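Worksheet for the structure shown next.
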Amino acid sequence: MTHIAIDGPAASGKTSLGHALAQHFGFLFVETGKMYRAVALGLNRGLALDEVHITMNDAGRILLNNDDVSDILHTPILDQGSSRVATRPEVRQLLVRLQQEIAAGRAVVMEGRDIGTVVLPHADVKIFLQASPEERARRRASERHQAELDKTLREIITRDTRDQTRAIAPLNPASDATIIRTDNKSLAEVVSEVIALVEERLHTGDEAAK
Ligand code: DC
């Protein structure tokens, strides 16, 4: 089963790339950031951690205690809340297990921070996206219609620092990841570059299996 791992910092384009790849290859798309966001939402609603049950349905929607919360997870409060809960070992353990169960025996494109390093260390293709904080802040502000670019930039830098310095599974490219800088590239360029890479890898795999 083919596994494609996409990692990178906040607003680096992982979701747009992952969505396009999943559609192209007909694989399930798994957005692991949404799982951390859903945990943060549960805690913000006053639930204790052991009352928070995260699942994903076959359409890739994220459920919090059986309630589809996928569309309400992208808020500034949950940006920071998810990055905070993601430092807790018990949360990571729970979600990594869920992500590995989802990927078992299935072709997936999975995006996050630790997919190539921890969740799917044997993924067929590992991509690590990079872009400057300024470029990422511009993209985030425009997709969320946020006028205050400076504030968006500060929030991105706070989250980068937390995600990169946490004790467990800090954001890092896997040693065998292909690093793609996206500052001066369109989404279409990045998508075709990665499709070519995946096809080459899968083809090489076929040849080796003969
Ligand atoms: O990709 P995102 O912005 O939706 O992720 C939200 C937060 O969740 C991110 O700041 C860090 C955390 N996260 C993580 O620690 N590991 C992952 N695999 C995905 C997200």
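In the structure tokens, chains take letters A, B, ... by order of appearance, with residues numbered from 1 within each chain and ligands from 1 in the order shown.
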Please give the complete set of residues from range 3-208 of chain A that DSSP, run on the backbone, assigns to alpha helix (DSSP H), formatted as a PyMOL selection string. chain A and resi 14-25+32-44+76-85+89-103+133-143+149-165+187-208
Would you write out, as a tab-separated table, a table of all residues in range 50-74 of chain A that have an atom no more than 12 Å from an atom of range 82-90 of chain A, listing for each the closest atom pair and the distance in Å to one decimal, considering only C-alpha atoms and ordering rows by chain and rising residue number?
residue	atom	partner	partner_atom	distance
A:Asp50	CA	A:Glu90	CA	10.1
A:Leu73	CA	A:Ser82	CA	9.5
A:His74	CA	A:Ser82	CA	10.2
At a cut-off of 10 Å, using only C-alpha atoms, what residues contact Thr158 in chain A? Leave out same-chain residues fewer than 5 positions from it and give the result as a PDB file with N, CA and C atoms, in the first residue's frame.
ATOM      1  N   GLN A  80      -3.455  28.002  18.047  1.00  0.00           N
ATOM      2  CA  GLN A  80      -2.531  27.980  19.190  1.00  0.00           C
ATOM      3  C   GLN A  80      -2.861  26.830  20.142  1.00  0.00           C
ATOM      4  N   SER A  83      -1.480  23.538  18.876  1.00  0.00           N
ATOM      5  CA  SER A  83      -0.031  23.469  18.996  1.00  0.00           C
ATOM      6  C   SER A  83       0.365  23.222  20.462  1.00  0.00           C
ATOM      7  N   THR A 152      -0.788  37.942  12.078  1.00  0.00           N
ATOM      8  CA  THR A 152      -0.734  36.585  11.527  1.00  0.00           C
ATOM      9  C   THR A 152       0.711  36.081  11.540  1.00  0.00           C
ATOM     10  N   LEU A 153       1.643  36.965  11.183  1.00  0.00           N
ATOM     11  CA  LEU A 153       3.061  36.579  11.168  1.00  0.00           C
ATOM     12  C   LEU A 153       3.533  36.222  12.584  1.00  0.00           C
ATOM     13  N   ASP A 163       6.228  24.252  17.857  1.00  0.00           N
ATOM     14  CA  ASP A 163       6.234  22.966  17.143  1.00  0.00           C
ATOM     15  C   ASP A 163       7.659  22.434  16.944  1.00  0.00           C
TER      16      ASP A 163
END
Spatial neighbours of Phe25 in chain A, 12 Å, only C-alpha atoms, chain gap at least 2 places, as a PyMOL selection string: chain A and resi 2-4+18-23+27-29+107-109+191+194-196+198-199+202
Neighbouring residues of Pro9 in chain A were defined as those with any atom within 12 Å, considering only C-alpha atoms; residues of the same chain fewer than 3 positions away were excluded. Please report them as a ChimeraX atom specification. /A:6,12-15,33,83,111-114,128-133,135-137,156-164,170-173,181-182
Those residues with C-alpha atoms, as an mmCIF file, in the first residue's frame please?
data_model
loop_
_atom_site.group_PDB
_atom_site.id
_atom_site.type_symbol
_atom_site.label_atom_id
_atom_site.label_comp_id
_atom_site.auth_asym_id
_atom_site.auth_seq_id
_atom_site.Cartn_x
_atom_site.Cartn_y
_atom_site.Cartn_z
ATOM 1 C CA ILE A 6 3.812 15.427 3.834
ATOM 2 C CA SER A 12 3.354 25.830 4.226
ATOM 3 C CA GLY A 13 0.795 24.419 1.760
ATOM 4 C CA LYS A 14 0.547 20.844 3.070
ATOM 5 C CA THR A 15 -3.235 20.672 2.847
ATOM 6 C CA GLY A 33 -3.451 18.687 12.254
ATOM 7 C CA SER A 83 -0.031 23.469 18.996
ATOM 8 C CA GLU A 111 -0.020 15.447 6.257
ATOM 9 C CA GLY A 112 1.255 16.827 9.556
ATOM 10 C CA ARG A 113 4.473 17.526 11.441
ATOM 11 C CA ASP A 114 5.825 14.075 12.337
ATOM 12 C CA PHE A 128 8.882 18.334 3.594
ATOM 13 C CA LEU A 129 7.513 21.720 2.547
ATOM 14 C CA GLN A 130 9.279 24.921 3.467
ATOM 15 C CA ALA A 131 8.433 28.576 2.919
ATOM 16 C CA SER A 132 9.507 31.742 4.710
ATOM 17 C CA PRO A 133 7.354 32.855 7.666
ATOM 18 C CA GLU A 135 5.180 34.059 2.726
ATOM 19 C CA ARG A 136 3.243 31.671 4.955
ATOM 20 C CA ALA A 137 1.681 34.594 6.861
ATOM 21 C CA ILE A 156 2.891 31.758 12.873
ATOM 22 C CA ILE A 157 6.284 32.393 14.462
ATOM 23 C CA THR A 158 4.941 31.521 17.946
ATOM 24 C CA ARG A 159 3.530 28.259 16.586
ATOM 25 C CA ASP A 160 6.709 27.440 14.605
ATOM 26 C CA THR A 161 8.790 27.880 17.760
ATOM 27 C CA ARG A 162 6.490 25.676 19.828
ATOM 28 C CA ASP A 163 6.234 22.966 17.143
ATOM 29 C CA GLN A 164 9.994 22.932 16.558
ATOM 30 C CA PRO A 170 9.463 18.142 17.121
ATOM 31 C CA LEU A 171 8.955 19.344 13.569
ATOM 32 C CA ASN A 172 11.931 18.090 11.571
ATOM 33 C CA PRO A 173 12.407 16.728 8.086
ATOM 34 C CA ARG A 181 10.830 25.316 -0.948
ATOM 35 C CA THR A 182 7.581 26.786 -2.158
#
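Nearest to ligand 1 of all the residues A:Arg144, A:Arg61, A:Arg166, A:His24 is A:Arg166, counting only C-alpha atoms and all ligand atoms.
Atom to atom, atom 15 (O, counted along the ligand's line) of ligand 1 and CA of Gly8 in chain A stand 10.5 Å apart.
CA of Gln100 in chain A is found 12.5 Å from atom 17 (C, counted along the ligand's line) of ligand 1.
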Skipping near chain neighbours, those fewer than 3 positions away, what residues fall within 12 Å of Leu43 in chain A using only C-alpha atoms, listed as a list in words? Tyr36, Arg37, Ala38, Val39, Ala40, Gly46, Leu47, Ala48, Leu49, Asp50, Glu51, Val52, His53, Leu64, Leu78, Gly81, Ser82, Arg84, Val85 and Val91 of chain A
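Relative to CA of Leu120 in chain A, CA of Glu155 in chain A is found at 28.4 Å.
Nearest to His122 in chain A of all the residues A:Leu98, A:Val190, A:Ala174, A:Ile77 is A:Ala174, based on only C-alpha atoms.
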Using only C-alpha atoms and all ligand atoms, the shortest atom-to-atom distance to ligand 1 among A:Leu187, A:Ala141, A:Ile54, A:Val96 belongs to A:Val96
